[in-house]
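Enquirer: What follows is coords-v9.tsv, made up of TSV, C-alpha atoms:
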```
chain	number	residue	atom	x	y	z
T	1	MET	CA	165.62	158.41	203.24
T	2	SER	CA	164.45	158.73	199.61
T	3	ASP	CA	163.37	162.05	198.10
T	4	ASP	CA	159.71	161.05	198.11
T	5	GLU	CA	159.65	160.27	201.85
T	6	ALA	CA	158.36	162.86	204.30
T	7	ASP	CA	160.93	164.66	206.40
T	8	PRO	CA	160.19	163.64	210.01
T	9	GLU	CA	161.54	166.93	211.40
T	10	LEU	CA	159.28	168.92	209.07
T	11	LEU	CA	156.31	166.75	210.07
T	12	ALA	CA	157.10	167.38	213.73
T	13	LEU	CA	157.18	171.14	213.16
T	14	LEU	CA	153.86	171.05	211.29
T	15	ARG	CA	152.33	168.95	214.05
T	16	GLN	CA	153.50	171.43	216.69
T	17	HIS	CA	152.14	174.31	214.61
T	18	PHE	CA	148.66	172.84	214.25
T	19	GLN	CA	148.60	171.85	217.92
T	20	GLY	CA	149.55	175.39	218.90
T	21	LYS	CA	152.79	174.20	220.52
T	22	LEU	CA	155.34	175.62	218.09
T	23	ASN	CA	157.84	177.81	219.96
T	24	LEU	CA	159.30	180.30	217.53
T	25	ASP	CA	161.50	181.68	220.30
T	26	ALA	CA	163.29	178.37	220.87
T	27	GLU	CA	166.98	178.69	221.68
T	28	PRO	CA	169.23	178.33	218.60
T	29	GLU	CA	171.13	175.12	217.93
T	30	THR	CA	174.05	174.63	215.54
T	31	GLY	CA	173.23	171.01	214.71
T	32	VAL	CA	176.93	170.07	214.81
T	33	LEU	CA	176.65	167.55	217.63
T	34	GLU	CA	173.53	165.98	216.16
T	35	GLY	CA	175.27	165.46	212.83
T	36	ALA	CA	178.41	164.08	214.47
T	37	GLU	CA	176.38	161.50	216.37
T	38	TYR	CA	174.66	160.44	213.14
T	39	VAL	CA	177.98	159.87	211.39
T	40	TYR	CA	179.34	158.00	214.42
T	41	ASP	CA	176.29	155.73	214.46
T	42	ASN	CA	176.82	154.93	210.76
T	43	SER	CA	180.61	154.93	210.62
T	44	ILE	CA	182.43	151.85	209.32
T	45	ASP	CA	185.97	153.24	209.12
T	46	VAL	CA	186.34	155.04	212.47
T	47	ALA	CA	185.42	153.50	215.81
T	48	LEU	CA	185.54	154.64	219.43
T	49	ASN	CA	187.12	152.64	222.21
T	50	MET	CA	184.86	153.33	225.19
T	51	ARG	CA	187.28	152.05	227.84
T	52	ALA	CA	190.08	154.22	226.46
T	53	THR	CA	187.70	157.17	226.22
T	54	LYS	CA	186.80	156.84	229.91
T	55	ASN	CA	190.47	156.53	230.84
T	56	ALA	CA	191.27	159.58	228.73
T	57	ALA	CA	188.52	161.55	230.47
T	58	ALA	CA	190.06	160.78	233.87
T	59	TRP	CA	193.56	161.73	232.67
T	60	ILE	CA	192.36	164.93	230.94
T	61	HIS	CA	190.47	166.04	234.05
T	62	GLU	CA	193.47	165.35	236.28
T	63	GLN	CA	195.85	167.24	233.98
T	64	MET	CA	193.51	170.20	233.55
T	65	GLN	CA	193.08	170.44	237.32
T	66	GLN	CA	196.84	170.24	237.95
T	67	LYS	CA	197.57	172.90	235.34
T	68	GLU	CA	194.56	175.02	236.38
T	69	PHE	CA	193.59	175.03	232.71
T	70	SER	CA	191.01	177.73	231.94
T	71	THR	CA	190.18	180.55	229.55
T	72	ALA	CA	193.10	182.45	231.08
T	73	ASN	CA	195.51	180.16	229.21
T	74	TRP	CA	194.40	181.72	225.92
T	75	SER	CA	195.59	185.24	226.77
T	76	GLU	CA	198.79	183.99	228.38
T	77	HIS	CA	200.39	183.15	225.04
T	78	GLU	CA	202.76	185.89	223.94
T	79	LEU	CA	201.29	186.11	220.42
T	80	HIS	CA	197.64	186.44	221.37
T	81	PRO	CA	196.32	190.01	221.83
T	82	ASN	CA	196.67	191.61	225.25
T	83	THR	CA	194.01	194.26	224.75
T	84	LYS	CA	190.27	193.66	225.29
T	85	ASP	CA	188.53	195.99	222.86
T	86	GLU	CA	187.08	196.17	219.34
T	87	SER	CA	190.54	195.97	217.80
T	88	THR	CA	190.97	192.62	219.57
T	89	VAL	CA	187.69	191.37	218.10
T	90	ALA	CA	188.89	192.44	214.65
T	91	PHE	CA	192.18	190.61	215.19
T	92	ILE	CA	190.46	187.37	216.25
T	93	PHE	CA	188.01	187.55	213.36
T	94	THR	CA	190.88	187.95	210.88
T	95	MET	CA	192.84	185.19	212.60
T	96	ASP	CA	190.05	182.64	212.38
T	97	LEU	CA	189.05	183.78	208.92
T	98	LEU	CA	192.47	182.51	207.82
T	99	ASN	CA	192.92	179.73	210.39
T	100	PHE	CA	193.32	176.70	208.12
T	101	SER	CA	195.76	174.30	206.49
T	102	PHE	CA	199.27	174.89	207.82
T	103	TRP	CA	200.63	171.35	207.59
T	104	SER	CA	203.58	170.60	205.36
T	105	SER	CA	205.01	167.46	203.78
T	106	ARG	CA	208.51	168.93	203.95
T	107	PRO	CA	211.05	168.32	206.74
T	108	GLU	CA	210.67	170.51	209.82
T	109	ASP	CA	213.53	172.85	208.85
T	110	GLU	CA	212.09	173.38	205.36
T	111	ARG	CA	208.39	173.89	206.09
T	112	PHE	CA	206.61	177.25	206.01
T	113	ALA	CA	207.68	179.21	209.07
T	114	VAL	CA	207.67	182.81	210.26
T	115	SER	CA	210.51	184.56	212.06
T	116	TYR	CA	209.15	187.03	214.60
T	117	ARG	CA	210.38	188.35	217.95
T	118	ASP	CA	213.59	186.32	217.63
T	119	LYS	CA	211.65	183.06	217.37
T	120	THR	CA	210.54	180.81	214.55
T	121	TRP	CA	206.83	180.02	214.43
T	122	THR	CA	205.09	177.24	212.52
T	123	GLY	CA	201.52	176.02	212.11
T	124	TYR	CA	198.75	178.16	213.57
T	125	TRP	CA	201.28	180.33	215.39
T	126	SER	CA	202.89	181.30	212.07
T	127	LEU	CA	199.56	182.90	211.15
T	128	VAL	CA	199.25	184.81	214.43
T	129	ALA	CA	202.88	185.93	214.25
T	130	SER	CA	202.35	187.18	210.67
T	131	LEU	CA	199.30	189.20	211.68
T	132	GLN	CA	201.12	190.79	214.63
T	133	ARG	CA	204.13	191.54	212.43
T	134	ALA	CA	201.92	193.16	209.77
T	135	LEU	CA	200.25	195.44	212.32
T	136	GLU	CA	203.67	196.50	213.62
T	137	GLU	CA	204.56	197.37	210.00
T	138	ASP	CA	201.41	199.55	209.81
T	139	ILE	CA	199.67	197.19	207.39
T	140	PRO	CA	195.94	197.24	208.31
T	141	ILE	CA	195.50	193.51	207.86
T	142	THR	CA	192.56	193.34	210.31
T	143	ASP	CA	190.58	196.12	208.58
T	144	PRO	CA	187.75	194.98	206.23
T	145	HIS	CA	188.24	198.17	204.18
T	146	TYR	CA	191.78	196.99	203.42
T	147	TRP	CA	190.53	193.56	202.31
T	148	GLN	CA	188.30	195.18	199.71
T	149	ASN	CA	191.05	197.44	198.32
T	150	GLU	CA	192.35	195.40	195.37
T	151	GLU	CA	195.26	197.76	194.80
T	152	GLU	CA	196.60	197.42	198.33
T	153	CYS	CA	195.35	193.95	199.32
T	154	ASN	CA	196.31	191.45	196.66
T	155	ILE	CA	198.27	188.25	196.31
T	156	GLU	CA	201.60	190.08	196.31
T	157	SER	CA	200.82	192.00	199.51
T	158	LEU	CA	199.74	188.72	201.16
T	159	ARG	CA	203.02	187.13	200.10
T	160	HIS	CA	204.77	189.94	201.95
T	161	ILE	CA	202.53	189.76	205.02
T	162	PHE	CA	202.89	185.97	205.28
T	163	ARG	CA	206.50	185.82	204.12
T	164	SER	CA	208.34	182.74	205.25
T	165	CYS	CA	211.86	182.35	206.59
T	166	THR	CA	212.10	179.17	204.47
T	167	GLU	CA	211.55	178.47	200.78
T	168	GLU	CA	208.02	177.16	201.33
T	169	GLU	CA	205.14	179.62	200.90
T	170	MET	CA	202.09	179.64	203.15
T	171	PRO	CA	199.65	177.07	201.71
T	172	LEU	CA	196.45	178.15	199.93
T	173	LEU	CA	197.40	181.82	199.72
T	174	GLU	CA	194.91	182.49	196.88
T	175	ALA	CA	192.13	180.91	198.97
T	176	ARG	CA	193.04	183.11	201.93
T	177	LEU	CA	192.78	186.20	199.74
T	178	SER	CA	189.33	185.01	198.60
T	179	CYS	CA	188.25	184.62	202.24
T	180	LEU	CA	189.33	188.18	203.03
T	181	ARG	CA	187.56	189.55	199.95
T	182	GLU	CA	184.30	187.75	200.72
T	183	ALA	CA	184.32	188.62	204.41
T	184	GLY	CA	185.04	192.26	203.64
T	185	GLN	CA	182.11	192.40	201.24
T	186	VAL	CA	179.68	190.75	203.68
T	187	LEU	CA	180.75	192.99	206.57
T	188	TYR	CA	180.38	196.04	204.33
T	189	GLU	CA	176.92	195.08	203.07
T	190	LYS	CA	175.39	193.75	206.30
T	191	TYR	CA	177.42	194.73	209.37
T	192	ASN	CA	178.76	198.25	208.93
T	193	CYS	CA	182.25	196.86	208.27
T	194	SER	CA	182.58	195.57	211.83
T	195	PHE	CA	182.45	192.03	213.19
T	196	THR	CA	181.27	193.44	216.53
T	197	LYS	CA	177.94	194.08	214.77
T	198	CYS	CA	177.72	190.35	214.04
T	199	ILE	CA	178.27	189.63	217.73
T	200	GLU	CA	175.55	192.10	218.66
T	201	ALA	CA	173.16	190.50	216.14
T	202	ALA	CA	173.63	187.12	217.86
T	203	ASN	CA	172.18	188.43	221.15
T	204	ASN	CA	174.74	186.77	223.43
T	205	SER	CA	174.14	183.35	221.86
T	206	ALA	CA	177.18	181.36	220.78
T	207	ALA	CA	175.00	179.04	218.69
T	208	GLU	CA	173.29	181.97	216.99
T	209	LEU	CA	176.66	183.54	216.15
T	210	VAL	CA	177.90	180.26	214.65
T	211	ASN	CA	174.69	179.98	212.60
T	212	LEU	CA	174.99	183.61	211.49
T	213	LEU	CA	178.55	183.02	210.29
T	214	ALA	CA	177.53	179.90	208.38
T	215	ARG	CA	174.53	181.67	206.85
T	216	ASP	CA	176.16	184.91	205.73
T	217	PHE	CA	179.75	183.88	204.96
T	218	ASP	CA	180.35	181.11	202.42
T	219	CYS	CA	183.88	180.64	203.75
T	220	PHE	CA	182.53	179.61	207.17
T	221	ARG	CA	179.90	177.17	205.80
T	222	ASP	CA	181.77	173.98	206.67
T	223	GLU	CA	179.14	171.31	205.95
T	224	PHE	CA	178.91	168.22	203.76
T	225	ARG	CA	176.51	165.58	202.55
T	226	PHE	CA	176.79	162.15	204.13
T	227	GLU	CA	175.18	159.05	202.71
T	228	GLY	CA	171.76	158.29	204.17
T	229	ARG	CA	171.07	161.73	205.65
T	230	ARG	CA	169.00	164.41	203.97
T	231	LYS	CA	170.42	167.33	205.96
T	232	PRO	CA	174.12	168.08	205.54
T	233	ILE	CA	176.55	167.19	208.31
T	234	ARG	CA	177.72	170.45	209.87
T	235	PHE	CA	181.25	170.80	211.28
T	236	LEU	CA	181.63	174.61	211.23
T	237	LYS	CA	185.12	174.34	212.66
T	238	ARG	CA	186.30	177.90	212.02
T	239	ALA	CA	182.96	179.46	212.95
T	240	GLN	CA	182.98	177.59	216.25
T	241	ILE	CA	186.61	178.28	217.09
T	242	LEU	CA	186.05	181.97	216.29
T	243	VAL	CA	183.29	182.09	218.92
T	244	ALA	CA	185.45	180.08	221.33
T	245	ASP	CA	188.47	182.36	220.87
T	246	ILE	CA	186.37	185.45	221.57
T	247	TRP	CA	184.86	183.77	224.64
T	248	ALA	CA	188.29	182.75	225.93
T	249	CYS	CA	190.00	186.06	225.14
T	250	PHE	CA	187.33	188.10	226.94
T	251	ASN	CA	186.94	185.47	229.66
T	252	GLY	CA	183.21	185.18	229.03
T	253	GLU	CA	182.59	188.89	229.52
T	254	GLY	CA	181.85	191.85	227.24
T	255	PHE	CA	182.14	190.75	223.62
T	256	GLY	CA	182.80	187.22	224.92
T	257	GLU	CA	179.63	186.84	226.96
T	258	PHE	CA	177.58	183.94	225.57
T	259	ARG	CA	174.80	182.33	227.60
T	260	ASP	CA	175.06	179.03	225.67
T	261	VAL	CA	178.79	178.69	225.00
T	262	ASP	CA	178.63	175.04	226.10
T	263	LYS	CA	176.81	174.26	222.84
T	264	ILE	CA	180.09	174.72	220.99
T	265	THR	CA	181.69	171.36	220.17
T	266	MET	CA	185.25	170.26	219.62
T	267	PHE	CA	186.80	171.88	216.52
T	268	ALA	CA	187.19	169.13	213.91
T	269	ASP	CA	190.70	169.65	212.56
T	270	TYR	CA	193.71	167.32	212.17
T	271	ARG	CA	195.50	167.74	215.52
T	272	VAL	CA	192.78	166.72	217.97
T	273	PRO	CA	191.93	163.52	216.05
T	274	GLN	CA	195.66	162.79	216.19
T	275	ILE	CA	195.83	163.04	219.98
T	276	LEU	CA	192.58	161.06	220.34
T	277	ALA	CA	194.13	158.29	218.25
T	278	THR	CA	197.33	158.51	220.30
T	279	LEU	CA	195.27	158.04	223.48
T	280	GLY	CA	193.54	155.04	221.92
T	281	CYS	CA	190.14	156.71	221.98
T	282	ILE	CA	189.55	156.38	218.25
T	283	GLY	CA	190.74	153.74	215.82
T	284	TYR	CA	190.70	153.44	212.04
T	285	SER	CA	189.82	150.65	209.62
T	286	PRO	CA	192.87	149.02	207.96
T	287	PRO	CA	192.49	150.96	204.67
T	288	LEU	CA	192.08	154.32	206.43
T	289	ASN	CA	194.87	153.54	208.87
T	290	ALA	CA	197.21	152.72	205.97
T	291	MET	CA	196.36	156.00	204.23
T	292	VAL	CA	197.01	158.05	207.37
T	293	ALA	CA	200.25	156.18	208.07
T	294	ARG	CA	201.54	156.76	204.52
T	295	GLY	CA	200.57	160.44	204.59
T	296	ASP	CA	198.12	160.05	201.71
T	297	ILE	CA	195.74	162.92	201.07
T	298	LEU	CA	192.18	162.42	202.35
T	299	GLU	CA	190.00	164.49	200.05
T	300	SER	CA	187.88	167.13	201.75
T	301	GLY	CA	184.31	165.84	202.00
T	302	SER	CA	185.27	162.21	201.38
T	303	SER	CA	183.63	159.51	203.50
T	304	TYR	CA	186.92	158.75	205.28
T	305	GLU	CA	187.46	162.38	206.20
T	306	LEU	CA	183.88	163.01	207.32
T	307	GLN	CA	183.93	159.93	209.55
T	308	LEU	CA	187.24	160.94	211.09
T	309	ARG	CA	186.10	164.49	211.85
T	310	ALA	CA	182.61	163.59	213.09
T	311	CYS	CA	183.75	160.73	215.31
T	312	SER	CA	186.34	163.03	216.88
T	313	ILE	CA	183.60	165.52	217.76
T	314	TRP	CA	181.48	162.76	219.28
T	315	CYS	CA	184.47	161.33	221.17
T	316	VAL	CA	185.23	164.68	222.83
T	317	GLU	CA	181.55	165.00	223.72
T	318	LEU	CA	181.69	161.60	225.45
T	319	ILE	CA	184.85	162.68	227.27
T	320	ARG	CA	183.06	165.84	228.42
T	321	ARG	CA	180.07	163.83	229.64
T	322	GLU	CA	182.29	161.39	231.52
T	323	ILE	CA	184.16	164.21	233.28
T	324	GLN	CA	180.84	165.81	234.17
T	325	ARG	CA	179.48	162.49	235.44
T	326	GLN	CA	182.50	161.83	237.64
T	327	HIS	CA	182.89	165.45	238.77
T	328	PRO	CA	179.47	167.17	238.64
T	329	ASP	CA	180.78	170.30	240.38
T	330	VAL	CA	183.50	170.92	237.76
T	331	LYS	CA	182.77	173.39	234.98
T	332	VAL	CA	184.17	171.99	231.74
T	333	ASN	CA	183.08	172.21	228.15
T	334	ALA	CA	184.25	170.92	224.77
T	335	ILE	CA	186.13	174.18	224.10
T	336	LEU	CA	188.49	173.79	227.06
T	337	ILE	CA	188.96	170.07	226.36
T	338	ASP	CA	189.81	170.87	222.73
T	339	PHE	CA	192.25	173.63	223.71
T	340	PHE	CA	193.93	171.26	226.18
T	341	LEU	CA	194.17	168.37	223.69
T	342	TYR	CA	195.52	170.64	220.95
T	343	ASP	CA	198.19	172.08	223.24
T	344	THR	CA	199.14	168.58	224.40
T	345	MET	CA	199.53	167.33	220.83
T	346	LYS	CA	201.67	170.33	219.88
T	347	GLN	CA	203.89	169.65	222.90
T	348	LEU	CA	204.35	166.04	221.80
T	349	GLU	CA	205.20	167.26	218.31
T	350	ALA	CA	207.79	169.72	219.64
T	351	GLN	CA	209.34	166.94	221.75
T	352	GLY	CA	209.50	164.59	218.76
T	353	LYS	CA	207.12	162.17	220.48
T	354	GLU	CA	204.47	161.82	217.79
T	355	THR	CA	203.63	158.11	217.56
T	356	ILE	CA	200.73	158.47	215.12
T	357	PRO	CA	200.74	160.96	212.23
T	358	HIS	CA	197.87	163.35	211.66
T	359	HIS	CA	195.65	162.83	208.63
T	360	ARG	CA	196.26	165.11	205.67
T	361	THR	CA	193.49	167.09	204.05
T	362	ARG	CA	194.13	170.33	202.21
T	363	SER	CA	191.12	172.60	202.52
T	364	VAL	CA	189.92	175.98	203.77
T	365	TRP	CA	187.84	174.35	206.52
T	366	TYR	CA	190.72	173.53	208.88
```
Please, can you express the file's structure as structure tokens?

Expert:
Amino acid sequence: MSDDEADPELLALLRQHFQGKLNLDAEPETGVLEGAEYVYDNSIDVALNMRATKNAAAWIHEQMQQKEFSTANWSEHELHPNTKDESTVAFIFTMDLLNFSFWSSRPEDERFAVSYRDKTWTGYWSLVASLQRALEEDIPITDPHYWQNEEECNIESLRHIFRSCTEEEMPLLEARLSCLREAGQVLYEKYNCSFTKCIEAANNSAAELVNLLARDFDCFRDEFRFEGRRKPIRFLKRAQILVADIWACFNGEGFGEFRDVDKITMFADYRVPQILATLGCIGYSPPLNAMVARGDILESGSSYELQLRACSIWCVELIRREIQRQHPDVKVNAILIDFFLYDTMKQLEAQGKETIPHHRTRSVWY
């Protein structure tokens, strides 16, 4: 669409207004799924295998039923919080504020890792372990007041909090400090220094909370331009997984009660696309496949990367629809499917059974 063409969505809104049909109280939408479908429809470097996707849906459903996979799995991990109060909300907000870019090009025994509770943690779990360790050391890492204190919260204090048991430092440490600073400022100015106020402002809507995060916090505004579309493609990975983690932790009650949680999509990172490729659900063009195989960097916001992320979101949506079609009485959403696929991929990694590498993008978005 050229700049001088009328926006069809704007025309539709004007038409509804003049016909007296405009509903200003319409339920909020994130637009993530809509954007993902657009990219999928126009993708030339990532394709979906529909037969494999249907087979994957059957296998995922069977495995989730056998393992009784549910929101309870979230709280069962030893590093996730056990409490269900405002301090837990603060922990999850801090966790997902910093939940990005843990991959390493170094060998497994040399990559960034955290020693905690007599175990060595890598990836996402290195972040959670570091936060738990900091709280045990009486460092108020989950307190927005601390984030704004430049004397106490600075790059050196973060190096201590996220200290590694190897020579490699946590990636993007300066960017993580910037995220804490910005979030602390926004919470101070708009939400009485408490993320629970953000949850209250969303009125039990998961989509509204995601939109609020993307609107008020630059570091959650994970969206990019894609050729041929006027509106940006929204991924909002960390905003969505933040809502999902709160929902799962509180088992859909209290702070985790969202009437529209099923509007949350898969979280477009690098692990779920990897397992989808392993299952044969998605495939890459020869140039993209060669880049992923070699471990080349896919630049954040590049066409390759946007296609890979968006098609993964759409693939999980098709898996969800297929499970729902085959088993209409089963309650399943993209969140649980994502959690299951992520856990499965991490298990394959731990067992040394990775057959396809994950793509490599260094960014604050995932």

Enquirer: Using all atoms listed in the file, which residue out of T:Ile264, T:Ala290, T:Ile319, T:Val243 lies closest to T:Ala57?

Expert: T:Ile319

Enquirer: Hey, what's within 12 Å of T:Asp218 if we count only C-alpha atoms and toss same-chain stuff fewer than 2 positions away? As a list in words, please?

Expert: Leu97, Ser178, Cys179, Leu180, Arg181, Glu182, Ala183, Gln185, Val186, Asn211, Leu212, Leu213, Ala214, Arg215, Asp216, Phe220, Arg221, Asp222, Glu223, Leu236, Arg238, Ala239, Val364 and Trp365 of chain T

Enquirer: Go ahead and write the residues just picked, C-alpha atoms, as an mmCIF file, in the frame of the given file.

Expert:
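Writing the result to selection-v8.cif gives the following:
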```cif
data_model
loop_
_atom_site.group_PDB
_atom_site.id
_atom_site.type_symbol
_atom_site.label_atom_id
_atom_site.label_comp_id
_atom_site.auth_asym_id
_atom_site.auth_seq_id
_atom_site.Cartn_x
_atom_site.Cartn_y
_atom_site.Cartn_z
ATOM 1 C CA LEU T 97 189.050 183.780 208.920
ATOM 2 C CA SER T 178 189.330 185.010 198.600
ATOM 3 C CA CYS T 179 188.250 184.620 202.240
ATOM 4 C CA LEU T 180 189.330 188.180 203.030
ATOM 5 C CA ARG T 181 187.560 189.550 199.950
ATOM 6 C CA GLU T 182 184.300 187.750 200.720
ATOM 7 C CA ALA T 183 184.320 188.620 204.410
ATOM 8 C CA GLN T 185 182.110 192.400 201.240
ATOM 9 C CA VAL T 186 179.680 190.750 203.680
ATOM 10 C CA ASN T 211 174.690 179.980 212.600
ATOM 11 C CA LEU T 212 174.990 183.610 211.490
ATOM 12 C CA LEU T 213 178.550 183.020 210.290
ATOM 13 C CA ALA T 214 177.530 179.900 208.380
ATOM 14 C CA ARG T 215 174.530 181.670 206.850
ATOM 15 C CA ASP T 216 176.160 184.910 205.730
ATOM 16 C CA PHE T 220 182.530 179.610 207.170
ATOM 17 C CA ARG T 221 179.900 177.170 205.800
ATOM 18 C CA ASP T 222 181.770 173.980 206.670
ATOM 19 C CA GLU T 223 179.140 171.310 205.950
ATOM 20 C CA LEU T 236 181.630 174.610 211.230
ATOM 21 C CA ARG T 238 186.300 177.900 212.020
ATOM 22 C CA ALA T 239 182.960 179.460 212.950
ATOM 23 C CA VAL T 364 189.920 175.980 203.770
ATOM 24 C CA TRP T 365 187.840 174.350 206.520
#
```

Enquirer: What is the atom CA of T:Val46 to atom CA of T:Gly352 distance in Å?

Expert: 25.8 Å

Enquirer: Interatomic distance between atom CA of T:Ile139 and atom CA of T:Asp109?

Expert: 28.0 Å

Enquirer: Just how far from atom CA of T:Ala268 is atom CA of T:Arg225, in Å to one decimal?

Expert: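 Pair atom CA of T:Arg225 / atom CA of T:Ala268 returns 16.0 Å.
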
Enquirer: Pick from T:Leu177, T:Met170, T:Ile241, T:Ile141: nearest to T:Ser126, with only C-alpha atoms counted?

Expert: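 For T:Ser126, the nearest of the candidates is T:Met170.
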
Enquirer: Using all atoms listed in the file, which of T:Phe255, T:Glu227, T:Glu76, T:Lys54 sits nearest T:Ile199?

Expert: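 So, comparing all the options, the nearest one is T:Phe255.
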
Enquirer: Smallest atom-to-atom distance to T:Val210: which of T:Arg271, T:Lys231, T:Lys263, T:Arg360, using only C-alpha atoms?

Expert: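 Checking each candidate against T:Val210, we get T:Lys263 as the closest.
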
Enquirer: Per residue of stretch 202-253 of chain T within 10 Å of stretch 329-345 of chain T, note the shortest atom pair and the distance in Å to one decimal, counting only C-alpha atoms, and order the rows by chain and increasing residue number, as JSON lines.

Expert:
```
{"residue": "T:Gln240", "atom": "CA", "partner": "T:Ile335", "partner_atom": "CA", "distance": 9.1}
{"residue": "T:Ile241", "atom": "CA", "partner": "T:Ile335", "partner_atom": "CA", "distance": 8.1}
{"residue": "T:Val243", "atom": "CA", "partner": "T:Ile335", "partner_atom": "CA", "distance": 9.9}
{"residue": "T:Ala244", "atom": "CA", "partner": "T:Ile335", "partner_atom": "CA", "distance": 6.6}
{"residue": "T:Asp245", "atom": "CA", "partner": "T:Ile335", "partner_atom": "CA", "distance": 9.1}
{"residue": "T:Trp247", "atom": "CA", "partner": "T:Ile335", "partner_atom": "CA", "distance": 9.7}
{"residue": "T:Ala248", "atom": "CA", "partner": "T:Ile335", "partner_atom": "CA", "distance": 9.0}
```

Enquirer: Using all atoms listed in the file, tabulate the residues of stretch 113-151 of chain T lying at most 10 Å from any atom of stretch 159-165 of chain T, each with its closest atom pair and that distance in Å to one decimal, by chain and increasing residue number, as CSV.

Expert:
```
residue,atom,partner,partner_atom,distance
T:Ala113,CA,T:Ser164,CA,5.2
T:Val114,CA,T:Ser164,CA,5.1
T:Ser115,CA,T:Cys165,CA,6.1
T:Tyr116,CA,T:Cys165,CA,9.7
T:Thr120,CA,T:Cys165,CA,8.2
T:Trp121,CA,T:Cys165,CA,9.6
T:Thr122,CA,T:Ser164,CA,9.7
T:Ser126,CA,T:Phe162,CA,8.2
T:Leu127,CA,T:Phe162,CA,7.4
T:Val128,CA,T:Phe162,CA,9.9
T:Ala129,CA,T:Phe162,CA,9.0
T:Ser130,CA,T:Phe162,CA,5.6
T:Leu131,CA,T:Ile161,CA,7.4
T:Gln132,CA,T:Ile161,CA,9.8
T:Arg133,CA,T:Ile161,CA,7.8
T:Ala134,CA,T:Ile161,CA,5.9
T:Leu135,CA,T:Ile161,CA,9.5
T:Glu137,CA,T:Ile161,CA,9.3
T:Ile139,CA,T:Ile161,CA,8.3
T:Ile141,CA,T:Ile161,CA,8.5
```

Enquirer: I'd like the contact shell of T:Pro273 - 8 Å cut-off, all atoms listed in the file, skipping same-chain residues fewer than 3 positions apart - returned as a list in words.

Expert: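 Within the cut-off, the hits are Ala268, Asp269, Tyr270, Leu276, Ala277, Ile282, Leu308, Arg309, Ser312 and His358 of chain T.
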
Enquirer: Using all atoms listed in the file for the distances, tell me which of T:Glu110, T:Glu305, T:Asp96, T:Glu86 is nearest to T:Phe224.

Expert: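 Checking each of T:Glu110, T:Glu305, T:Asp96, T:Glu86 against T:Phe224, counting all atoms listed in the file, the winner is T:Glu305.
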
Enquirer: Can you tell me, as AutoDock Vina command-line options, the centre and edge lengths (Å, one decimal) of the axis-aligned box enclosing all of stretch 233-246 of chain T's listed atoms after padding each side by 4 Å?

Expert:
```
--center_x 182.5 --center_y 176.3 --center_z 214.9 --size_x 19.9 --size_y 26.3 --size_z 21.3
```

Enquirer: Identify, on the basis of only C-alpha atoms, every residue whose closest approach to T:Phe91 does not exceed 8 Å; exclude the query and any residue fewer than 4 positions from it along the same chain; express the result as a ChimeraX atom specification.

Expert: /T:81,87,95,142

Enquirer: Neighbouring residues of T:Thr355 were defined as those with any atom within 12 Å, considering all atoms listed in the file; residues of the same chain fewer than 4 positions away were excluded. Please report them as a PyMOL selection string.

Expert: chain T and resi 274-280+293+345+348-349+351

Enquirer: Rank T:Gln148, T:Pro232, T:Trp103, T:Pro28 by their smallest atom-to-atom distance to T:Ile297, using all atoms listed in the file, and report the top residue only.

Expert: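 Among the listed residues, T:Trp103 lies closest to T:Ile297.
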